[in-house]
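Novice: File upload_36.cif follows (mmCIF, C-alpha atoms):
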```
data_target
loop_
_atom_site.group_PDB
_atom_site.id
_atom_site.type_symbol
_atom_site.label_atom_id
_atom_site.label_comp_id
_atom_site.auth_asym_id
_atom_site.auth_seq_id
_atom_site.Cartn_x
_atom_site.Cartn_y
_atom_site.Cartn_z
ATOM 1 C CA MET A 1 34.928 -59.083 30.567
ATOM 2 C CA LEU A 2 36.846 -57.243 27.846
ATOM 3 C CA LEU A 3 33.920 -57.696 25.478
ATOM 4 C CA LEU A 4 31.567 -56.258 28.105
ATOM 5 C CA VAL A 5 33.778 -53.162 28.419
ATOM 6 C CA GLN A 6 33.881 -52.810 24.636
ATOM 7 C CA TYR A 7 30.104 -52.942 24.211
ATOM 8 C CA THR A 8 29.565 -50.725 27.255
ATOM 9 C CA LEU A 9 31.738 -48.010 25.736
ATOM 10 C CA ILE A 10 30.072 -48.122 22.326
ATOM 11 C CA PHE A 11 26.520 -48.064 23.720
ATOM 12 C CA SER A 12 27.523 -45.377 26.217
ATOM 13 C CA SER A 13 28.897 -43.321 23.318
ATOM 14 C CA VAL A 14 25.472 -43.366 21.678
ATOM 15 C CA LEU A 15 23.714 -42.410 24.899
ATOM 16 C CA ILE A 16 26.168 -39.621 25.721
ATOM 17 C CA LEU A 17 25.915 -37.993 22.295
ATOM 18 C CA VAL A 18 22.118 -38.079 22.150
ATOM 19 C CA ALA A 19 21.625 -37.157 25.824
ATOM 20 C CA LEU A 20 23.958 -34.174 25.407
ATOM 21 C CA GLY A 21 21.839 -33.112 22.450
ATOM 22 C CA GLY A 22 18.684 -33.307 24.550
ATOM 23 C CA CYS A 23 20.433 -31.423 27.349
ATOM 24 C CA ILE A 24 21.436 -28.500 25.121
ATOM 25 C CA SER A 25 17.959 -28.226 23.628
ATOM 26 C CA GLU A 26 16.273 -28.251 27.038
ATOM 27 C CA ARG A 27 18.832 -25.829 28.459
ATOM 28 C CA SER A 28 17.658 -23.405 25.780
ATOM 29 C CA GLY A 29 14.017 -24.013 26.756
ATOM 30 C CA VAL A 30 12.845 -26.482 24.078
ATOM 31 C CA ILE A 31 11.998 -30.086 24.970
ATOM 32 C CA ASN A 32 13.309 -32.322 22.203
ATOM 33 C CA LEU A 33 11.276 -35.521 22.365
ATOM 34 C CA GLY A 34 12.046 -36.107 18.689
ATOM 35 C CA LEU A 35 15.543 -37.487 19.366
ATOM 36 C CA GLU A 36 14.477 -40.967 18.289
ATOM 37 C CA GLY A 37 13.454 -39.709 14.848
ATOM 38 C CA ILE A 38 16.527 -37.476 14.587
ATOM 39 C CA MET A 39 18.745 -40.486 15.287
ATOM 40 C CA VAL A 40 17.073 -42.434 12.476
ATOM 41 C CA ILE A 41 17.522 -39.594 9.974
ATOM 42 C CA GLY A 42 21.157 -39.065 11.005
ATOM 43 C CA ALA A 43 21.779 -42.815 10.719
ATOM 44 C CA MET A 44 20.249 -42.840 7.248
ATOM 45 C CA GLY A 45 22.446 -39.956 6.104
ATOM 46 C CA GLY A 46 25.605 -41.604 7.416
ATOM 47 C CA ALA A 47 24.684 -45.058 6.070
ATOM 48 C CA LEU A 48 23.961 -43.756 2.571
ATOM 49 C CA THR A 49 27.250 -41.842 2.673
ATOM 50 C CA MET A 50 29.148 -45.045 3.486
ATOM 51 C CA ARG A 51 27.260 -46.851 0.746
ATOM 52 C CA TYR A 52 28.155 -44.355 -1.972
ATOM 53 C CA LEU A 53 31.648 -43.264 -0.926
ATOM 54 C CA PRO A 54 34.242 -44.454 -3.466
ATOM 55 C CA GLU A 55 36.045 -47.622 -2.459
ATOM 56 C CA GLY A 56 39.532 -47.025 -1.185
ATOM 57 C CA SER A 57 38.783 -43.588 0.252
ATOM 58 C CA PRO A 58 41.291 -42.545 2.953
ATOM 59 C CA ALA A 59 40.179 -43.439 6.460
ATOM 60 C CA ILE A 60 40.151 -39.841 7.684
ATOM 61 C CA VAL A 61 38.045 -38.767 4.708
ATOM 62 C CA THR A 62 35.560 -41.564 5.371
ATOM 63 C CA ILE A 63 35.248 -40.742 9.075
ATOM 64 C CA LEU A 64 34.877 -36.994 8.623
ATOM 65 C CA THR A 65 32.447 -37.284 5.705
ATOM 66 C CA VAL A 66 30.175 -39.759 7.473
ATOM 67 C CA LEU A 67 30.188 -37.693 10.675
ATOM 68 C CA LEU A 68 29.493 -34.464 8.791
ATOM 69 C CA VAL A 69 26.602 -35.861 6.760
ATOM 70 C CA ALA A 70 25.016 -37.546 9.800
ATOM 71 C CA ALA A 71 25.260 -34.313 11.807
ATOM 72 C CA LEU A 72 23.864 -32.192 8.960
ATOM 73 C CA ALA A 73 20.984 -34.630 8.416
ATOM 74 C CA GLY A 74 20.138 -34.451 12.127
ATOM 75 C CA MET A 75 20.313 -30.653 12.101
ATOM 76 C CA LEU A 76 18.103 -30.378 9.033
ATOM 77 C CA TYR A 77 15.483 -32.670 10.516
ATOM 78 C CA SER A 78 15.568 -30.941 13.915
ATOM 79 C CA SER A 79 14.829 -27.632 12.185
ATOM 80 C CA LEU A 80 11.253 -28.903 11.793
ATOM 81 C CA LEU A 81 11.009 -28.936 15.589
ATOM 82 C CA ALA A 82 12.491 -25.445 15.785
ATOM 83 C CA VAL A 83 10.094 -23.972 13.229
ATOM 84 C CA ALA A 84 7.031 -25.554 14.821
ATOM 85 C CA CYS A 85 7.879 -24.927 18.474
ATOM 86 C CA ILE A 86 9.861 -21.671 18.397
ATOM 87 C CA ASN A 87 8.315 -19.751 15.521
ATOM 88 C CA PHE A 88 4.772 -21.137 15.641
ATOM 89 C CA LYS A 89 4.708 -21.941 19.394
ATOM 90 C CA ALA A 90 3.313 -25.439 18.842
ATOM 91 C CA ASP A 91 3.119 -27.967 21.658
ATOM 92 C CA GLN A 92 6.641 -29.364 21.994
ATOM 93 C CA THR A 93 5.549 -32.801 23.201
ATOM 94 C CA ILE A 94 3.216 -33.372 20.262
ATOM 95 C CA VAL A 95 5.735 -32.114 17.689
ATOM 96 C CA GLY A 96 8.501 -34.297 19.133
ATOM 97 C CA THR A 97 6.268 -37.368 19.029
ATOM 98 C CA ALA A 98 5.332 -36.593 15.424
ATOM 99 C CA LEU A 99 9.016 -36.294 14.483
ATOM 100 C CA ASN A 100 9.689 -39.741 15.930
ATOM 101 C CA LEU A 101 6.912 -41.303 13.865
ATOM 102 C CA LEU A 102 7.836 -39.368 10.724
ATOM 103 C CA GLY A 103 11.559 -40.099 11.039
ATOM 104 C CA THR A 104 11.231 -43.886 10.944
ATOM 105 C CA ALA A 105 8.501 -43.852 8.290
ATOM 106 C CA GLY A 106 10.286 -41.262 6.151
ATOM 107 C CA ALA A 107 13.631 -43.065 6.266
ATOM 108 C CA THR A 108 11.943 -46.347 5.331
ATOM 109 C CA VAL A 109 10.207 -44.787 2.324
ATOM 110 C CA ILE A 110 13.362 -42.992 1.140
ATOM 111 C CA VAL A 111 15.531 -46.103 1.389
ATOM 112 C CA LYS A 112 12.915 -48.237 -0.381
ATOM 113 C CA ALA A 113 12.763 -45.663 -3.179
ATOM 114 C CA ILE A 114 16.565 -45.683 -3.525
ATOM 115 C CA ASN A 115 16.700 -49.494 -3.581
ATOM 116 C CA THR A 116 13.882 -49.703 -6.116
ATOM 117 C CA ALA A 117 15.583 -47.176 -8.389
ATOM 118 C CA ALA A 118 18.760 -49.274 -8.321
ATOM 119 C CA ASP A 119 16.915 -52.591 -8.687
ATOM 120 C CA PRO A 120 13.156 -52.612 -9.522
ATOM 121 C CA ASP A 121 12.773 -55.975 -7.783
ATOM 122 C CA ASP A 122 14.271 -54.688 -4.522
ATOM 123 C CA VAL A 123 11.596 -53.026 -2.372
ATOM 124 C CA SER A 124 13.343 -53.563 0.965
ATOM 125 C CA SER A 125 14.193 -50.824 3.442
ATOM 126 C CA VAL A 126 17.686 -52.198 4.028
ATOM 127 C CA VAL A 127 20.739 -50.033 3.554
ATOM 128 C CA GLN A 128 23.740 -52.226 2.935
ATOM 129 C CA TYR A 129 27.054 -50.541 3.540
ATOM 130 C CA ALA A 130 30.548 -51.852 3.902
ATOM 131 C CA ILE A 131 31.770 -50.659 7.286
ATOM 132 C CA PRO A 132 35.381 -49.640 6.624
ATOM 133 C CA LYS A 133 37.028 -51.427 9.545
ATOM 134 C CA LYS A 134 40.296 -49.594 9.064
ATOM 135 C CA ALA A 135 38.463 -46.289 9.228
ATOM 136 C CA PHE A 136 36.265 -46.791 12.290
ATOM 137 C CA LEU A 137 37.848 -49.671 14.193
ATOM 138 C CA VAL A 138 41.334 -50.319 15.510
ATOM 139 C CA ASN A 139 42.293 -53.601 17.155
ATOM 140 C CA ILE A 140 44.362 -53.146 20.305
ATOM 141 C CA GLY A 141 45.147 -56.703 21.298
ATOM 142 C CA ASP A 142 41.776 -58.352 21.925
ATOM 143 C CA PHE A 143 40.072 -54.986 22.358
ATOM 144 C CA GLU A 144 38.306 -53.410 19.380
ATOM 145 C CA PHE A 145 38.672 -49.649 19.686
ATOM 146 C CA ASN A 146 36.118 -47.507 17.863
ATOM 147 C CA TRP A 147 37.025 -43.974 16.797
ATOM 148 C CA PHE A 148 33.498 -42.871 17.642
ATOM 149 C CA MET A 149 34.519 -43.217 21.281
ATOM 150 C CA VAL A 150 37.046 -40.422 20.730
ATOM 151 C CA VAL A 151 34.391 -38.330 18.984
ATOM 152 C CA THR A 152 32.149 -38.796 22.023
ATOM 153 C CA VAL A 153 34.833 -37.669 24.478
ATOM 154 C CA ILE A 154 35.572 -34.613 22.332
ATOM 155 C CA ALA A 155 31.856 -33.778 22.149
ATOM 156 C CA LEU A 156 31.527 -34.138 25.931
ATOM 157 C CA VAL A 157 34.423 -31.769 26.563
ATOM 158 C CA LEU A 158 33.182 -29.238 24.003
ATOM 159 C CA VAL A 159 29.651 -29.224 25.426
ATOM 160 C CA TYR A 160 30.941 -28.788 28.982
ATOM 161 C CA VAL A 161 33.189 -25.897 27.961
ATOM 162 C CA MET A 162 30.456 -24.330 25.827
ATOM 163 C CA LEU A 163 27.827 -24.407 28.579
ATOM 164 C CA TYR A 164 29.935 -23.262 31.515
ATOM 165 C CA LYS A 165 32.922 -21.395 30.084
ATOM 166 C CA THR A 166 31.564 -19.349 27.176
ATOM 167 C CA ARG A 167 29.246 -16.387 26.818
ATOM 168 C CA PHE A 168 27.159 -18.341 24.313
ATOM 169 C CA GLY A 169 26.545 -21.170 26.798
ATOM 170 C CA LEU A 170 25.575 -18.845 29.625
ATOM 171 C CA ARG A 171 23.141 -17.027 27.353
ATOM 172 C CA LEU A 172 21.717 -20.340 26.179
ATOM 173 C CA MET A 173 21.056 -21.464 29.750
ATOM 174 C CA ALA A 174 19.558 -18.079 30.613
ATOM 175 C CA CYS A 175 16.997 -18.579 27.840
ATOM 176 C CA GLY A 176 15.971 -21.879 29.420
ATOM 177 C CA GLU A 177 15.718 -20.480 32.932
ATOM 178 C CA HIS A 178 14.201 -17.022 32.482
ATOM 179 C CA PRO A 179 13.823 -15.966 28.837
ATOM 180 C CA GLN A 180 12.129 -12.657 29.681
ATOM 181 C CA ALA A 181 15.110 -11.601 31.812
ATOM 182 C CA ALA A 182 17.486 -12.704 29.051
ATOM 183 C CA ASP A 183 15.519 -10.677 26.498
ATOM 184 C CA SER A 184 15.610 -7.620 28.737
ATOM 185 C CA VAL A 185 19.420 -7.516 28.506
ATOM 186 C CA GLY A 186 19.461 -7.841 24.728
ATOM 187 C CA ILE A 187 19.692 -11.610 24.215
ATOM 188 C CA ASN A 188 17.690 -12.844 21.229
ATOM 189 C CA VAL A 189 15.784 -15.740 22.777
ATOM 190 C CA TYR A 190 14.506 -17.052 19.457
ATOM 191 C CA LYS A 191 18.010 -17.293 17.977
ATOM 192 C CA MET A 192 19.419 -18.958 21.086
ATOM 193 C CA ARG A 193 16.653 -21.543 21.118
ATOM 194 C CA TRP A 194 17.169 -22.190 17.417
ATOM 195 C CA ALA A 195 20.863 -22.735 18.114
ATOM 196 C CA GLY A 196 20.060 -25.136 20.949
ATOM 197 C CA VAL A 197 17.722 -27.226 18.811
ATOM 198 C CA LEU A 198 20.123 -27.359 15.847
ATOM 199 C CA ILE A 199 23.055 -28.421 18.041
ATOM 200 C CA SER A 200 20.761 -31.021 19.573
ATOM 201 C CA GLY A 201 19.931 -32.300 16.088
ATOM 202 C CA ALA A 202 23.605 -32.551 15.128
ATOM 203 C CA LEU A 203 24.443 -34.595 18.226
ATOM 204 C CA GLY A 204 21.353 -36.761 17.749
ATOM 205 C CA GLY A 205 22.372 -37.462 14.154
ATOM 206 C CA LEU A 206 25.858 -38.466 15.305
ATOM 207 C CA GLY A 207 24.323 -40.767 17.907
ATOM 208 C CA GLY A 208 22.259 -42.424 15.180
ATOM 209 C CA ILE A 209 25.216 -43.296 12.963
ATOM 210 C CA VAL A 210 27.201 -44.574 15.958
ATOM 211 C CA PHE A 211 24.262 -46.822 16.890
ATOM 212 C CA ILE A 212 23.862 -48.532 13.520
ATOM 213 C CA THR A 213 27.600 -49.020 12.955
ATOM 214 C CA ALA A 214 28.076 -50.896 16.229
ATOM 215 C CA GLY A 215 29.132 -54.101 14.518
ATOM 216 C CA VAL A 216 26.567 -54.495 11.715
ATOM 217 C CA SER A 217 26.962 -54.083 7.960
ATOM 218 C CA GLU A 218 23.355 -53.329 7.083
ATOM 219 C CA TRP A 219 20.326 -51.759 8.720
ATOM 220 C CA ARG A 220 16.580 -52.118 8.179
ATOM 221 C CA PHE A 221 15.142 -48.712 8.933
ATOM 222 C CA GLU A 222 11.659 -49.693 10.048
ATOM 223 C CA TYR A 223 13.410 -51.166 13.097
ATOM 224 C CA GLY A 224 14.265 -47.638 14.240
ATOM 225 C CA VAL A 225 16.907 -47.301 16.950
ATOM 226 C CA ALA A 226 15.427 -49.586 19.604
ATOM 227 C CA GLY A 227 14.246 -46.796 21.891
ATOM 228 C CA PHE A 228 17.710 -45.313 22.378
ATOM 229 C CA GLY A 229 16.327 -41.797 21.889
ATOM 230 C CA PHE A 230 14.000 -42.210 24.866
ATOM 231 C CA LEU A 231 16.686 -44.018 26.851
ATOM 232 C CA SER A 232 18.948 -41.013 26.243
ATOM 233 C CA LEU A 233 16.273 -38.741 27.694
ATOM 234 C CA ALA A 234 16.260 -40.929 30.813
ATOM 235 C CA VAL A 235 20.061 -40.606 30.973
ATOM 236 C CA MET A 236 19.738 -36.823 30.626
ATOM 237 C CA ILE A 237 17.223 -36.589 33.478
ATOM 238 C CA PHE A 238 19.227 -38.952 35.695
ATOM 239 C CA GLY A 239 22.278 -36.822 34.922
ATOM 240 C CA GLN A 240 20.432 -33.672 36.031
ATOM 241 C CA TRP A 241 21.064 -31.864 32.708
ATOM 242 C CA LYS A 242 24.794 -31.697 33.538
ATOM 243 C CA PRO A 243 27.317 -33.080 30.999
ATOM 244 C CA LEU A 244 29.614 -34.920 33.425
ATOM 245 C CA ARG A 245 26.738 -36.540 35.302
ATOM 246 C CA ILE A 246 25.165 -37.466 31.967
ATOM 247 C CA ALA A 247 28.386 -39.266 31.002
ATOM 248 C CA LEU A 248 28.392 -41.271 34.246
ATOM 249 C CA ALA A 249 24.712 -42.133 33.871
ATOM 250 C CA ALA A 250 25.329 -43.222 30.266
ATOM 251 C CA LEU A 251 28.081 -45.609 31.397
ATOM 252 C CA LEU A 252 25.662 -47.205 33.865
ATOM 253 C CA PHE A 253 22.863 -47.579 31.329
ATOM 254 C CA GLY A 254 25.319 -48.641 28.629
ATOM 255 C CA MET A 255 26.641 -51.452 30.826
ATOM 256 C CA PHE A 256 23.163 -52.885 31.333
ATOM 257 C CA ARG A 257 22.523 -52.655 27.574
ATOM 258 C CA ALA A 258 25.835 -54.380 26.871
ATOM 259 C CA LEU A 259 24.876 -57.310 29.111
ATOM 260 C CA SER A 260 22.296 -58.385 26.518
ATOM 261 C CA ASN A 261 25.150 -58.903 24.038
ATOM 262 C CA VAL A 262 27.634 -60.728 26.270
ATOM 263 C CA TYR A 263 25.695 -62.410 29.105
ATOM 264 C CA ILE A 264 26.416 -65.834 27.563
ATOM 265 C CA GLY A 265 30.070 -65.386 28.461
ATOM 266 C CA PHE A 266 29.357 -64.992 32.197
ATOM 267 C CA ASP A 267 28.768 -68.222 34.115
ATOM 268 C CA PHE A 268 27.006 -66.537 37.040
ATOM 269 C CA LEU A 269 24.523 -64.894 34.641
ATOM 270 C CA MET A 270 23.967 -68.140 32.763
ATOM 271 C CA ALA A 271 23.312 -69.854 36.109
ATOM 272 C CA LEU A 272 20.294 -67.590 36.591
ATOM 273 C CA ASN A 273 18.752 -69.330 33.576
ATOM 274 C CA LEU A 274 16.952 -66.167 32.445
ATOM 275 C CA PRO A 275 15.720 -65.739 28.851
ATOM 276 C CA GLY A 276 17.842 -63.481 26.666
ATOM 277 C CA GLN A 277 14.905 -61.096 26.308
ATOM 278 C CA VAL A 278 15.228 -60.217 30.002
ATOM 279 C CA TYR A 279 18.711 -58.843 29.407
ATOM 280 C CA ASN A 280 17.461 -56.905 26.376
ATOM 281 C CA MET A 281 14.814 -55.317 28.596
ATOM 282 C CA MET A 282 17.256 -54.542 31.409
ATOM 283 C CA PRO A 283 18.274 -50.959 30.485
ATOM 284 C CA TYR A 284 14.643 -49.920 30.026
ATOM 285 C CA ILE A 285 13.572 -51.509 33.315
ATOM 286 C CA ILE A 286 16.496 -49.821 35.067
ATOM 287 C CA SER A 287 15.522 -46.476 33.532
ATOM 288 C CA LEU A 288 11.972 -46.790 34.913
ATOM 289 C CA VAL A 289 13.247 -47.709 38.375
ATOM 290 C CA VAL A 290 15.872 -44.958 38.441
ATOM 291 C CA LEU A 291 13.449 -42.263 37.260
ATOM 292 C CA ALA A 292 10.817 -43.402 39.752
ATOM 293 C CA PHE A 293 13.226 -42.779 42.631
ATOM 294 C CA THR A 294 15.034 -39.702 41.329
ATOM 295 C CA SER A 295 12.436 -37.705 39.382
ATOM 296 C CA LYS A 296 11.187 -35.880 42.480
ATOM 297 C CA LYS A 297 14.643 -34.406 43.041
ATOM 298 C CA SER A 298 15.180 -33.538 39.377
ATOM 299 C CA ARG A 299 15.515 -29.854 38.606
ATOM 300 C CA ALA A 300 14.778 -29.174 34.972
ATOM 301 C CA PRO A 301 15.324 -25.736 33.393
ATOM 302 C CA LYS A 302 12.424 -23.596 34.607
ATOM 303 C CA ALA A 303 11.249 -22.409 31.192
ATOM 304 C CA GLU A 304 11.617 -25.673 29.285
ATOM 305 C CA GLY A 305 8.564 -26.583 27.249
ATOM 306 C CA ILE A 306 7.088 -23.074 27.540
ATOM 307 C CA PRO A 307 6.845 -21.196 24.209
ATOM 308 C CA TYR A 308 8.486 -17.803 24.522
ATOM 309 C CA ASP A 309 6.145 -14.846 24.291
ATOM 310 C CA LYS A 310 8.053 -11.588 23.929
ATOM 311 C CA GLY A 311 5.150 -9.574 25.337
ATOM 312 C CA GLN A 312 4.836 -11.701 28.481
ATOM 313 C CA ARG A 313 6.505 -10.564 31.709
#
```
Translate the structure described by the file into structure tokens.
Specialist:
Amino acid sequence: MLLLVQYTLIFSSVLILVALGGCISERSGVINLGLEGIMVIGAMGGALTMRYLPEGSPAIVTILTVLLVAALAGMLYSSLLAVACINFKADQTIVGTALNLLGTAGATVIVKAINTAADPDDVSSVVQYAIPKKAFLVNIGDFEFNWFMVVTVIALVLVYVMLYKTRFGLRLMACGEHPQAADSVGINVYKMRWAGVLISGALGGLGGIVFITAGVSEWRFEYGVAGFGFLSLAVMIFGQWKPLRIALAALLFGMFRALSNVYIGFDFLMALNLPGQVYNMMPYIISLVVLAFTSKKSRAPKAEGIPYDKGQR
């Protein structure tokens, strides 16, 4: 049971970070379907940082550096979405899909190039990195505590405060609900949407590095992030674009994802005699069922997905 709680919290951390990123972007009026690709790019940035950091670096330096690089990589990659959809008014669904395809392919090519430069016979897309256990993980009895869980709680609090307690957050949400009205009172809609997309990219990048450091010491980048970007979008919708509800939804989805790692330890699950693949599919099946029953009551920001035209009223 303790292992189930541990995996639930780590997978929920990924979902919360990425879903919050999608929430902020959509609250500003831009649909970010490219979260899957952003996660991959953020994971690559963090993994390469761990690979090349000097051995013996202080734990706090390791944590902060990896988090910073992953967030910056996600922000940089998400700027492609911002340029295409905000400045050039491209279709947000198509651009997001393209970013997902490009992210996995681009990361694979970059990592292969790095490996080949280090060893001409190595053409793999694997990034091997020594996960500094003392930096990221703390053993509390039989429970393995991950510092990324603290980062997730801090991010959740900051996003909640930003959206509902600050002038910036209220302006951001106004741009996603009625951008023309926001513009009429002097709010720069383009800048606010850029801010929303960049913050979304930073959180998506953080989610990517949390995902690949959940107990592994290497990652093959053509595997992507197992659909966690799309699963995070389902969490965001189920959570009604509200941070606290998103966190609760992420815990539910994270628990079902964790079952695929620990079901062998539960006699009543073993008695069902189901293949392990069924448990791997569980969170995605649950997401389809949940969205089928709740999507009609979902209330997305009114102007999401609609390119802003300053001359339109």
Novice: Contacts of stretch 278-294 of chain A at 12 Å or less, counting all atoms listed in the file, minus same-chain residues fewer than 6 places along, as an MDAnalysis selection string?
Specialist: chainID A and resid 8 11:12 15 226:240 249:264 269:270 272
Novice: Tell me which protein, DNA and RNA residues are within 12 Å of stretch 95-106 of chain A, counting only C-alpha atoms, leaving out same-chain ones fewer than 6 positions away, and put them as a ChimeraX atom specification.
Specialist: /A:22,30-45,73-74,76-86,88-89,112-113,125,197,201,205,208,220-230,305
Novice: Taking the file as shown, what set of residues would the PyMOL selection byres ((chain A and resi 242) around 10) give back, as JSON, numbers by chain?
Specialist: {"A": [19, 20, 23, 24, 27, 159, 160, 163, 236, 237, 238, 239, 240, 241, 243, 244, 245, 246, 247]}
Novice: Which one of A:Ile60, A:Ala300, A:Ile306, A:Ala118 sits closest to A:Thr93 if you count all atoms listed in the file?
Specialist: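 Nearest to A:Thr93: A:Ile306.
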Novice: On this structure, the PyMOL selection byres ((chain A and resi 149) around 10) would catch which residues? List them as a list in words, sorted by chain and number.
Specialist: Leu9, Ile10, Phe11, Ser12, Ser13, Val14, Phe136, Phe145, Asn146, Trp147, Phe148, Val150, Val151, Thr152, Val153, Ile154, Ala155 and Val210 of chain A
Novice: I need the residue nearest A:Thr213 from this list: A:Val161, A:Leu2, A:Ala47, A:Leu170. Use all atoms listed in the file for the distance.
Specialist: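 Going through A:Val161, A:Leu2, A:Ala47, A:Leu170 one by one, the smallest distance to A:Thr213 is for A:Ala47.
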Novice: Using only the atoms of stretch 89-99 of chain A listed in the file, plus 5 Å on each side, state the axis-aligned box centre and edge lengths in Å rounded to one decimal, as AutoDock Vina command-line options.
Specialist:
```
--center_x 6.1 --center_y -29.7 --center_z 18.8 --size_x 15.9 --size_y 25.4 --size_z 18.7
```
Novice: So the first atom is atom CA of A:Arg193 and the second is atom CA of A:Ser28; what is the distance between them in Å, to one decimal place?
Specialist: 5.1 Å
Novice: Up to 12 Å from (12.2, -11.3, 33.3) in the file's coordinates: name the residues, counting only C-alpha atoms, as a list in words.
Specialist: Ala174, Cys175, Gly176, Glu177, His178, Pro179, Gln180, Ala181, Ala182, Asp183, Ser184, Val185, Gly186, Ile187, Val189, Ala303, Tyr308, Asp309, Lys310, Gly311, Gln312 and Arg313 of chain A
Novice: If I take atom CA of A:Gly196 and atom CA of A:Pro301, how far is one from the other in Å, to one decimal?
Specialist: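 Interatomic distance, atom CA of A:Gly196 to atom CA of A:Pro301: 13.3 Å.
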Novice: Name the closest residue to A:Ile199 among the candidates A:Leu248, A:Ile140, A:Val157, A:Val18; distances are taken between atoms, counting all atoms listed in the file.
Specialist: A:Val18
